[in-house]
>>> print(open('target31.tsv').read())   # TSV, C-alpha atoms
chain	number	residue	atom	x	y	z
A	1	MET	CA	0.00	0.00	0.00
A	2	THR	CA	1.04	3.58	-0.62
A	3	ALA	CA	1.38	6.08	2.21
A	4	THR	CA	-2.18	7.18	1.46
A	5	THR	CA	-4.79	4.46	1.19
A	6	LYS	CA	-7.66	5.30	-1.13
A	7	ILE	CA	-10.91	3.80	0.19
A	8	PHE	CA	-14.15	3.84	-1.77
A	9	LEU	CA	-17.53	2.95	-0.25
A	10	THR	CA	-21.08	2.48	-1.46
A	11	GLY	CA	-24.17	2.43	0.72
A	12	VAL	CA	-22.89	4.67	3.51
A	13	THR	CA	-26.28	6.23	4.19
A	14	GLY	CA	-27.61	2.75	5.00
A	15	TYR	CA	-27.91	1.00	8.34
A	16	ILE	CA	-24.74	-1.12	8.09
A	17	GLY	CA	-22.63	1.06	5.80
A	18	GLY	CA	-23.19	4.20	7.84
A	19	THR	CA	-22.38	2.46	11.11
A	20	PHE	CA	-19.12	1.18	9.62
A	21	LEU	CA	-18.17	4.57	8.17
A	22	SER	CA	-18.53	6.13	11.62
A	23	GLN	CA	-16.13	3.48	12.93
A	24	LEU	CA	-13.76	4.06	10.02
A	25	LEU	CA	-13.53	7.75	10.91
A	26	LEU	CA	-12.30	6.69	14.37
A	27	HIS	CA	-9.58	4.41	12.99
A	28	PRO	CA	-6.07	5.12	14.35
A	29	SER	CA	-4.78	5.41	10.76
A	30	VAL	CA	-7.62	7.57	9.46
A	31	LYS	CA	-5.24	10.43	8.63
A	32	THR	CA	-3.65	8.16	6.01
A	33	PHE	CA	-7.02	7.38	4.40
A	34	GLU	CA	-8.53	9.18	1.46
A	35	ILE	CA	-12.20	8.27	1.77
A	36	THR	CA	-14.59	8.59	-1.17
A	37	VAL	CA	-18.26	7.63	-1.00
A	38	LEU	CA	-21.03	7.28	-3.55
A	39	VAL	CA	-24.20	9.01	-2.38
A	40	ARG	CA	-27.47	9.90	-4.13
A	41	SER	CA	-28.46	12.92	-2.05
A	42	ALA	CA	-26.79	16.27	-2.68
A	43	GLU	CA	-27.81	17.37	0.82
A	44	LYS	CA	-26.15	14.36	2.44
A	45	ALA	CA	-23.13	14.85	0.20
A	46	GLN	CA	-22.57	18.23	1.82
A	47	LEU	CA	-22.89	16.73	5.30
A	48	LEU	CA	-20.35	14.05	4.41
A	49	LYS	CA	-17.99	16.64	2.95
A	50	ALA	CA	-18.01	18.42	6.31
A	51	LEU	CA	-16.64	15.19	7.81
A	52	ASN	CA	-13.60	15.32	5.49
A	53	ILE	CA	-15.09	12.71	3.20
A	54	LYS	CA	-15.16	13.10	-0.58
A	55	PRO	CA	-18.72	12.55	-1.83
A	56	VAL	CA	-19.53	11.57	-5.40
A	57	ILE	CA	-23.17	12.13	-6.27
A	58	GLY	CA	-24.69	9.22	-8.12
A	59	SER	CA	-25.96	5.68	-7.67
A	60	VAL	CA	-24.75	2.15	-8.31
A	61	SER	CA	-27.12	1.98	-11.26
A	62	ASP	CA	-24.70	4.33	-13.08
A	63	SER	CA	-22.24	1.59	-14.06
A	64	LYS	CA	-19.80	3.94	-15.79
A	65	LEU	CA	-19.51	6.21	-12.76
A	66	LEU	CA	-19.22	3.27	-10.39
A	67	THR	CA	-16.46	1.67	-12.46
A	68	GLU	CA	-14.53	4.94	-12.68
A	69	GLN	CA	-14.59	5.47	-8.93
A	70	VAL	CA	-13.64	1.89	-8.08
A	71	ALA	CA	-10.73	2.04	-10.54
A	72	GLU	CA	-9.03	4.63	-8.32
A	73	ALA	CA	-9.39	2.80	-5.01
A	74	ASP	CA	-6.99	0.55	-3.12
A	75	VAL	CA	-9.83	-0.84	-0.98
A	76	VAL	CA	-13.52	-0.99	-1.88
A	77	PHE	CA	-16.43	-1.55	0.52
A	78	ASN	CA	-19.80	-2.45	-0.98
A	79	PHE	CA	-22.90	-2.08	1.21
A	80	VAL	CA	-25.61	-1.92	-1.45
A	81	ASN	CA	-28.11	-4.52	-2.69
A	82	CYS	CA	-26.25	-7.84	-2.52
A	83	ASP	CA	-28.35	-9.27	-5.36
A	84	ASP	CA	-27.41	-6.50	-7.81
A	85	LEU	CA	-25.26	-8.39	-10.29
A	86	ASP	CA	-24.92	-5.39	-12.62
A	87	ALA	CA	-23.48	-3.27	-9.82
A	88	ALA	CA	-21.13	-6.09	-8.83
A	89	ARG	CA	-19.89	-6.36	-12.41
A	90	ALA	CA	-19.33	-2.61	-12.59
A	91	ILE	CA	-17.28	-2.80	-9.38
A	92	LEU	CA	-15.23	-5.69	-10.78
A	93	ASP	CA	-14.68	-3.80	-14.02
A	94	GLY	CA	-13.20	-0.96	-11.98
A	95	MET	CA	-10.98	-3.36	-10.07
A	96	LYS	CA	-9.73	-4.81	-13.32
A	97	LEU	CA	-8.78	-1.32	-14.52
A	98	TYR	CA	-6.95	-0.70	-11.23
A	99	TYR	CA	-5.03	-3.95	-11.70
A	100	GLN	CA	-4.15	-3.11	-15.29
A	101	ARG	CA	-2.77	0.25	-14.17
A	102	THR	CA	-0.89	-0.85	-11.05
A	103	GLY	CA	-0.20	-4.56	-11.47
A	104	VAL	CA	-1.55	-5.04	-7.95
A	105	PRO	CA	-5.00	-6.41	-7.12
A	106	ALA	CA	-7.16	-4.09	-5.04
A	107	SER	CA	-9.24	-5.49	-2.18
A	108	LEU	CA	-13.01	-5.68	-2.10
A	109	ILE	CA	-14.97	-6.18	1.11
A	110	HIS	CA	-18.49	-6.99	0.00
A	111	THR	CA	-21.66	-7.31	2.07
A	112	SER	CA	-23.70	-10.39	1.25
A	113	GLY	CA	-25.90	-12.13	3.83
A	114	THR	CA	-26.68	-15.45	5.45
A	115	GLY	CA	-29.96	-15.43	3.58
A	116	THR	CA	-27.94	-17.37	1.04
A	117	LEU	CA	-28.08	-20.31	3.48
A	118	SER	CA	-31.86	-20.13	3.83
A	119	GLU	CA	-34.06	-23.17	4.13
A	120	PHE	CA	-37.71	-22.34	3.43
A	121	ALA	CA	-39.55	-23.54	6.52
A	122	LYS	CA	-42.60	-21.25	6.81
A	123	GLY	CA	-41.80	-21.09	10.52
A	124	MET	CA	-42.85	-24.70	11.08
A	125	HIS	CA	-39.53	-26.30	12.05
A	126	GLY	CA	-35.88	-25.68	12.83
A	127	THR	CA	-32.84	-27.28	11.22
A	128	GLU	CA	-29.76	-29.16	12.31
A	129	GLU	CA	-27.71	-27.86	9.38
A	130	VAL	CA	-25.14	-25.31	10.53
A	131	TYR	CA	-22.63	-23.67	8.19
A	132	SER	CA	-19.14	-22.62	9.30
A	133	ASP	CA	-17.18	-19.99	7.40
A	134	LEU	CA	-14.18	-22.33	7.71
A	135	ASP	CA	-16.02	-25.13	5.89
A	136	ILE	CA	-15.65	-23.96	2.31
A	137	PRO	CA	-16.87	-27.18	0.62
A	138	HIS	CA	-20.13	-26.85	2.57
A	139	ILE	CA	-20.56	-23.26	1.40
A	140	GLU	CA	-19.71	-24.29	-2.15
A	141	SER	CA	-22.53	-26.84	-2.03
A	142	LEU	CA	-25.04	-23.98	-2.14
A	143	PRO	CA	-26.80	-23.79	-5.51
A	144	PRO	CA	-26.30	-20.73	-7.73
A	145	THR	CA	-30.04	-20.13	-7.37
A	146	ALA	CA	-29.67	-19.40	-3.63
A	147	PRO	CA	-30.22	-15.76	-2.62
A	148	HIS	CA	-27.13	-13.56	-3.16
A	149	ARG	CA	-25.21	-16.51	-4.61
A	150	LEU	CA	-24.75	-15.25	-8.18
A	151	VAL	CA	-23.03	-12.11	-6.94
A	152	ASP	CA	-20.87	-14.03	-4.46
A	153	LEU	CA	-19.77	-16.45	-7.19
A	154	ALA	CA	-18.88	-13.58	-9.53
A	155	LEU	CA	-16.62	-12.10	-6.85
A	156	VAL	CA	-14.91	-15.42	-6.15
A	157	ASP	CA	-14.31	-15.88	-9.89
A	158	ALA	CA	-12.73	-12.42	-10.15
A	159	ASP	CA	-10.37	-13.31	-7.32
A	160	LYS	CA	-9.50	-16.56	-9.08
A	161	GLN	CA	-8.59	-14.57	-12.18
A	162	GLY	CA	-6.12	-12.61	-10.05
A	163	TYR	CA	-7.18	-9.02	-10.59
A	164	ALA	CA	-9.05	-8.62	-7.28
A	165	LYS	CA	-8.86	-9.86	-3.72
A	166	THR	CA	-12.41	-10.44	-2.54
A	167	HIS	CA	-13.75	-10.80	0.98
A	168	ILE	CA	-17.43	-11.56	1.47
A	169	VAL	CA	-19.13	-10.64	4.75
A	170	LEU	CA	-22.37	-12.47	5.49
A	171	PRO	CA	-24.40	-10.84	8.29
A	172	CYS	CA	-27.40	-12.70	9.72
A	173	MET	CA	-30.29	-10.92	11.47
A	174	VAL	CA	-28.81	-7.49	12.17
A	175	TYR	CA	-30.40	-5.48	14.97
A	176	GLY	CA	-29.73	-2.73	17.43
A	177	GLU	CA	-29.26	0.99	17.64
A	178	PRO	CA	-26.41	2.34	15.50
A	179	ALA	CA	-24.20	5.08	16.87
A	180	GLY	CA	-21.63	7.47	15.54
A	181	VAL	CA	-21.17	10.71	13.69
A	182	LEU	CA	-23.38	9.69	10.76
A	183	VAL	CA	-26.27	9.05	13.13
A	184	ASP	CA	-25.61	12.29	14.98
A	185	ASN	CA	-25.76	14.24	11.71
A	186	GLY	CA	-28.86	12.52	10.36
A	187	ILE	CA	-27.00	11.01	7.42
A	188	GLN	CA	-27.79	7.32	7.77
A	189	ASN	CA	-30.77	5.02	8.12
A	190	VAL	CA	-31.09	3.77	11.71
A	191	TYR	CA	-33.34	0.74	11.14
A	192	SER	CA	-32.63	-2.78	9.98
A	193	ILE	CA	-35.11	-4.94	8.06
A	194	GLN	CA	-36.36	-8.01	9.88
A	195	VAL	CA	-37.35	-6.81	13.36
A	196	PRO	CA	-38.88	-3.54	12.10
A	197	CYS	CA	-40.90	-5.46	9.51
A	198	LEU	CA	-42.28	-7.73	12.22
A	199	ILE	CA	-43.13	-4.71	14.35
A	200	LYS	CA	-44.84	-2.80	11.53
A	201	ALA	CA	-46.86	-5.81	10.43
A	202	SER	CA	-47.94	-6.54	14.00
A	203	ILE	CA	-48.95	-2.95	14.72
A	204	ALA	CA	-50.93	-2.83	11.47
A	205	ARG	CA	-52.98	-5.89	12.47
A	206	LYS	CA	-53.17	-4.75	16.13
A	207	GLN	CA	-51.77	-8.08	17.30
A	208	THR	CA	-48.25	-9.50	17.47
A	209	GLY	CA	-47.74	-12.03	14.73
A	210	VAL	CA	-45.46	-14.97	14.01
A	211	VAL	CA	-44.84	-16.91	10.82
A	212	GLY	CA	-46.13	-20.46	11.28
A	213	LEU	CA	-45.13	-21.77	14.69
A	214	GLY	CA	-42.01	-19.59	14.87
A	215	LYS	CA	-39.83	-22.68	15.30
A	216	ASN	CA	-37.37	-21.61	12.61
A	217	VAL	CA	-33.91	-20.47	13.71
A	218	TRP	CA	-31.75	-17.49	12.76
A	219	ASN	CA	-28.49	-16.14	14.11
A	220	ASN	CA	-28.22	-12.54	15.27
A	221	VAL	CA	-25.59	-9.80	15.35
A	222	HIS	CA	-25.67	-6.25	16.72
A	223	VAL	CA	-25.00	-3.63	14.08
A	224	GLN	CA	-22.17	-2.06	16.09
A	225	ASP	CA	-20.45	-5.42	16.54
A	226	LEU	CA	-20.89	-6.01	12.81
A	227	ALA	CA	-19.21	-2.70	12.00
A	228	ILE	CA	-16.16	-3.79	13.98
A	229	LEU	CA	-15.83	-6.91	11.80
A	230	TYR	CA	-15.30	-4.67	8.78
A	231	VAL	CA	-12.61	-2.79	10.72
A	232	VAL	CA	-10.89	-6.10	11.56
A	233	LEU	CA	-10.94	-7.07	7.88
A	234	LEU	CA	-9.57	-3.69	6.84
A	235	ASP	CA	-6.72	-4.02	9.33
A	236	HIS	CA	-5.77	-7.37	7.78
A	237	VAL	CA	-5.99	-5.95	4.25
A	238	LEU	CA	-3.66	-3.11	5.25
A	239	GLY	CA	-1.22	-5.43	7.02
A	240	LEU	CA	-2.00	-3.92	10.42
A	241	ALA	CA	-3.06	-7.36	11.65
A	242	SER	CA	-2.24	-10.88	10.55
A	243	HIS	CA	-3.77	-14.34	10.96
A	244	ASN	CA	-3.53	-17.43	8.77
A	245	GLU	CA	-7.34	-17.70	8.62
A	246	PHE	CA	-7.55	-14.32	6.93
A	247	GLN	CA	-8.26	-15.43	3.38
A	248	HIS	CA	-9.69	-14.07	0.17
A	249	GLY	CA	-11.43	-15.48	-2.86
A	250	ARG	CA	-12.65	-19.05	-2.52
A	251	SER	CA	-11.94	-19.08	1.23
A	252	GLY	CA	-12.77	-15.43	1.84
A	253	TYR	CA	-16.16	-15.88	3.52
A	254	TYR	CA	-16.82	-14.24	6.89
A	255	PHE	CA	-20.03	-14.95	8.76
A	256	ALA	CA	-21.21	-12.33	11.25
A	257	GLU	CA	-23.16	-13.82	14.17
A	258	ASN	CA	-23.08	-13.93	17.94
A	259	GLY	CA	-25.90	-16.16	19.06
A	260	GLU	CA	-29.12	-17.55	17.64
A	261	HIS	CA	-32.84	-17.61	18.38
A	262	GLU	CA	-36.13	-19.11	17.36
A	263	LEU	CA	-38.25	-16.46	15.67
A	264	LEU	CA	-41.01	-17.17	18.19
A	265	ASP	CA	-38.74	-15.67	20.87
A	266	VAL	CA	-38.65	-12.34	19.04
A	267	SER	CA	-42.43	-12.39	18.55
A	268	LYS	CA	-42.94	-13.14	22.26
A	269	ALA	CA	-40.72	-10.21	23.23
A	270	LEU	CA	-42.70	-7.99	20.87
A	271	GLY	CA	-46.00	-9.32	22.22
A	272	VAL	CA	-45.12	-8.19	25.74
A	273	VAL	CA	-44.17	-4.70	24.57
A	274	LEU	CA	-47.26	-4.19	22.41
A	275	ASN	CA	-49.56	-5.58	25.12
A	276	ASP	CA	-48.07	-3.08	27.57
A	277	LEU	CA	-49.13	-0.40	25.08
A	278	GLY	CA	-52.64	-1.80	24.81
A	279	ILE	CA	-52.10	-3.39	21.40
A	280	GLY	CA	-53.35	-6.98	21.29
A	281	SER	CA	-52.60	-9.87	23.61
A	282	ALA	CA	-49.08	-10.76	24.69
A	283	GLU	CA	-49.24	-14.18	23.02
A	284	PRO	CA	-48.24	-14.08	19.32
A	285	GLN	CA	-50.80	-15.26	16.79
A	286	THR	CA	-49.85	-16.84	13.48
A	287	PHE	CA	-49.98	-14.55	10.46
A	288	THR	CA	-52.61	-15.63	7.96
A	289	PRO	CA	-51.32	-17.01	4.63
A	290	GLU	CA	-52.34	-13.72	3.02
A	291	GLU	CA	-50.44	-11.68	5.60
A	292	ALA	CA	-47.36	-13.91	5.43
A	293	THR	CA	-47.06	-13.74	1.64
A	294	HIS	CA	-48.14	-10.14	1.08
A	295	PRO	CA	-45.28	-8.05	-0.42
A	296	LEU	CA	-43.72	-5.94	2.28
A	297	PHE	CA	-42.89	-2.27	2.37
A	298	GLY	CA	-41.24	-0.87	-0.75
A	299	GLU	CA	-37.77	-0.61	0.81
A	300	VAL	CA	-37.70	-4.38	1.24
A	301	ARG	CA	-38.16	-5.00	-2.50
A	302	ASP	CA	-40.25	-8.16	-3.12
A	303	TYR	CA	-39.68	-9.76	0.27
A	304	ASN	CA	-42.56	-11.03	2.37
A	305	LEU	CA	-42.82	-12.21	5.97
A	306	GLU	CA	-42.42	-15.87	5.00
A	307	ASN	CA	-39.14	-15.08	3.25
A	308	ILE	CA	-37.53	-12.91	5.91
A	309	LEU	CA	-39.04	-14.32	9.10
A	310	GLY	CA	-40.03	-17.88	8.24
A	311	THR	CA	-36.78	-19.45	7.02
A	312	ASN	CA	-33.94	-21.28	8.76
A	313	THR	CA	-30.44	-19.85	8.59
A	314	ARG	CA	-27.80	-21.18	10.98
A	315	CYS	CA	-24.08	-20.45	10.86
A	316	GLN	CA	-20.94	-20.11	12.95
A	317	ALA	CA	-18.54	-17.19	12.55
A	318	ASP	CA	-15.47	-19.34	13.15
A	319	ARG	CA	-13.19	-17.59	10.64
A	320	SER	CA	-14.36	-14.12	11.64
A	321	LYS	CA	-13.66	-14.80	15.30
A	322	ALA	CA	-10.36	-16.53	14.54
A	323	ILE	CA	-8.96	-13.38	12.92
A	324	GLY	CA	-9.75	-11.28	15.99
A	325	TRP	CA	-13.40	-10.23	15.80
A	326	LYS	CA	-14.89	-10.13	19.30
A	327	PRO	CA	-18.62	-9.35	19.27
A	328	SER	CA	-19.93	-8.48	22.71
A	329	ARG	CA	-23.73	-8.54	22.36
A	330	GLY	CA	-25.75	-11.75	22.14
A	331	THR	CA	-29.34	-12.94	21.84
A	332	ASP	CA	-30.40	-11.29	25.11
A	333	ALA	CA	-29.49	-7.93	23.59
A	334	LEU	CA	-31.61	-8.71	20.51
A	335	LEU	CA	-34.68	-9.43	22.62
A	336	ALA	CA	-34.07	-6.38	24.81
A	337	SER	CA	-33.79	-4.16	21.71
A	338	VAL	CA	-37.38	-4.84	20.67
A	339	ARG	CA	-38.84	-2.28	23.09
A	340	ARG	CA	-36.68	0.55	21.72
A	341	GLU	CA	-37.57	-0.41	18.15
A	342	VAL	CA	-41.29	-0.31	18.96
A	343	GLN	CA	-41.01	3.09	20.61
A	344	ALA	CA	-39.22	4.43	17.55
A	345	LEU	CA	-41.63	2.92	15.01
A	346	LEU	CA	-44.99	3.63	16.69
A	347	PRO	CA	-47.09	6.01	14.59
A	348	ALA	CA	-47.17	9.49	16.05
>>> encode(input="target31.tsv", output="structure tokens")
Amino acid sequence: MTATTKIFLTGVTGYIGGTFLSQLLLHPSVKTFEITVLVRSAEKAQLLKALNIKPVIGSVSDSKLLTEQVAEADVVFNFVNCDDLDAARAILDGMKLYYQRTGVPASLIHTSGTGTLSEFAKGMHGTEEVYSDLDIPHIESLPPTAPHRLVDLALVDADKQGYAKTHIVLPCMVYGEPAGVLVDNGIQNVYSIQVPCLIKASIARKQTGVVGLGKNVWNNVHVQDLAILYVVLLDHVLGLASHNEFQHGRSGYYFAENGEHELLDVSKALGVVLNDLGIGSAEPQTFTPEEATHPLFGEVRDYNLENILGTNTRCQADRSKAIGWKPSRGTDALLASVRREVQALLPA
């Protein structure tokens, strides 16, 4: 790496990307970073500029712009739609140009998700199948039709070709209150997807719901713990840390989890909170088939409750923890966070 490390990020006004960027600005080596971000809002661009960040106004749908920006970066962080193959290809095109100019592969830290491991259970049962990020053959057994898989495979192939070093982060159910300068300045989204969707759907029907029996199992990770995993990966990319389990390409998968839960547990926690507010009984009631399959709020694309709250996804972050990631919040923190989320999401 040169004395100045050029870092390019997408998705920094989002829940995960913004939380990480706040952590990045606290990095001991931040004075050696030249940070550029892609942002759609001119107003937020000005707020980011005030933080000594270079904003580029545009979106990942502008492939030419995305490729041009990536081509200048030593390290790229991608926090946008992990099923957007066109955006992934534009990023890889930029990395190829960087390699052609420098002869050195740049590093990409990409956000995927453990939804790629999903077993469709409709909330009726759990699973004994648990994936480890150290068990690459098990991960490679996933079909290309699995969620997020086409993008992940494209990144691994680029690494195999030698012009990029790719690292794929797979968060599970992300929850919790983000913190940092981007929150303080109103730049980033402060809500995740799964728990808020459950809350909104339950408030709308005036009764806490659950998909099926809620016996399906997901892992969980606090958004601030997740942000630290990206910092750990960056430190390894920059040579500030070293561990033999830090890998890229075929072996460069990093699960992000610190505990697991049955989805019924989240619904029960929500039921208590809503009942305290006079909304329904404390005991969750199964969503009707129509409710469970109805397309959710626009920001969640075509997802429905069955897809995001009724599947099984179990994993172990063995590689992530081996390289020095130390998450501190577990399942108890997830369940405790439900009350704050309700208070924030209740209609005025």
>>> residues_near_point(input="target31.tsv", point="(-9.3, -18.5, 5.7)", cutoff="9 Å", atoms="only C-alpha atoms", output="ChimeraX atom specification")
/A:133-134,243-248,250-254,319-320,323
>>> closest_residue(input="target31.tsv", among="A:Cys315, A:Ile7, A:Ala282, A:Leu26", to="Gln207 in chain A", atoms="all atoms listed in the file")
A:Ala282
>>> closest_residue(input="target31.tsv", among="A:Gly271, A:Leu198, A:Ile308, A:Gly176", to="Ala336 in chain A", atoms="all atoms listed in the file")
A:Gly176
>>> atom_distance(input="target31.tsv", atom1="CA of Gly14 in chain A", atom2="CA of Gln188 in chain A")
5.3 Å
>>> residues_around(input="target31.tsv", residues="Pro28 in chain A", least_positions_apart="4", cutoff="12 Å", atoms="all atoms listed in the file", output="PyMOL selection string")
chain A and resi 23-24+32-33+231+235+240
>>> residues_around(input="target31.tsv", residues="His222 in chain A", least_positions_apart="2", cutoff="9 Å", atoms="all atoms listed in the file", output="count of residues only")
19
>>> residues_around(input="target31.tsv", residues="range 86-101 of chain A", least_positions_apart="5", cutoff="7 Å", atoms="all atoms listed in the file", output="mmCIF file with C-alpha atoms, in the coordinates of the input")
data_model
loop_
_atom_site.group_PDB
_atom_site.id
_atom_site.type_symbol
_atom_site.label_atom_id
_atom_site.label_comp_id
_atom_site.auth_asym_id
_atom_site.auth_seq_id
_atom_site.Cartn_x
_atom_site.Cartn_y
_atom_site.Cartn_z
ATOM 1 C CA VAL A 60 -24.750 2.150 -8.310
ATOM 2 C CA SER A 61 -27.120 1.980 -11.260
ATOM 3 C CA SER A 63 -22.240 1.590 -14.060
ATOM 4 C CA LEU A 66 -19.220 3.270 -10.390
ATOM 5 C CA THR A 67 -16.460 1.670 -12.460
ATOM 6 C CA GLU A 68 -14.530 4.940 -12.680
ATOM 7 C CA VAL A 70 -13.640 1.890 -8.080
ATOM 8 C CA ALA A 71 -10.730 2.040 -10.540
ATOM 9 C CA GLU A 72 -9.030 4.630 -8.320
ATOM 10 C CA ALA A 106 -7.160 -4.090 -5.040
ATOM 11 C CA VAL A 151 -23.030 -12.110 -6.940
ATOM 12 C CA TYR A 163 -7.180 -9.020 -10.590
ATOM 13 C CA ALA A 164 -9.050 -8.620 -7.280
#
>>> residues_around(input="target31.tsv", residues="Leu108 in chain A", least_positions_apart="2", cutoff="8 Å", atoms="only C-alpha atoms", output="list in words")
Val75, Val76, Phe77, Asn78, Ala106, His110, Ala164, Lys165, Thr166 and His167 of chain A
>>> write_last_selection(input="target31.tsv", atoms="C-alpha atoms", output="compact mmCIF listing (two decimals), keeping the file's coordinate frame")
# COMPACT_ATOMS: atom_id res chain seq x y z
CA VAL A 75 -9.83 -0.84 -0.98
CA VAL A 76 -13.52 -0.99 -1.88
CA PHE A 77 -16.43 -1.55 0.52
CA ASN A 78 -19.80 -2.45 -0.98
CA ALA A 106 -7.16 -4.09 -5.04
CA HIS A 110 -18.49 -6.99 0.00
CA ALA A 164 -9.05 -8.62 -7.28
CA LYS A 165 -8.86 -9.86 -3.72
CA THR A 166 -12.41 -10.44 -2.54
CA HIS A 167 -13.75 -10.80 0.98
>>> residues_around(input="target31.tsv", residues="range 147-150 of chain A", least_positions_apart="3", cutoff="6 Å", atoms="only C-alpha atoms", output="PyMOL selection string")
chain A and resi 82-83+116+144+153
>>> atom_distance(input="target31.tsv", atom1="CA of Gly214 in chain A", atom2="CA of Ile279 in chain A")
20.2 Å
>>> atom_distance(input="target31.tsv", atom1="CA of Pro196 in chain A", atom2="CA of Leu274 in chain A")
13.3 Å
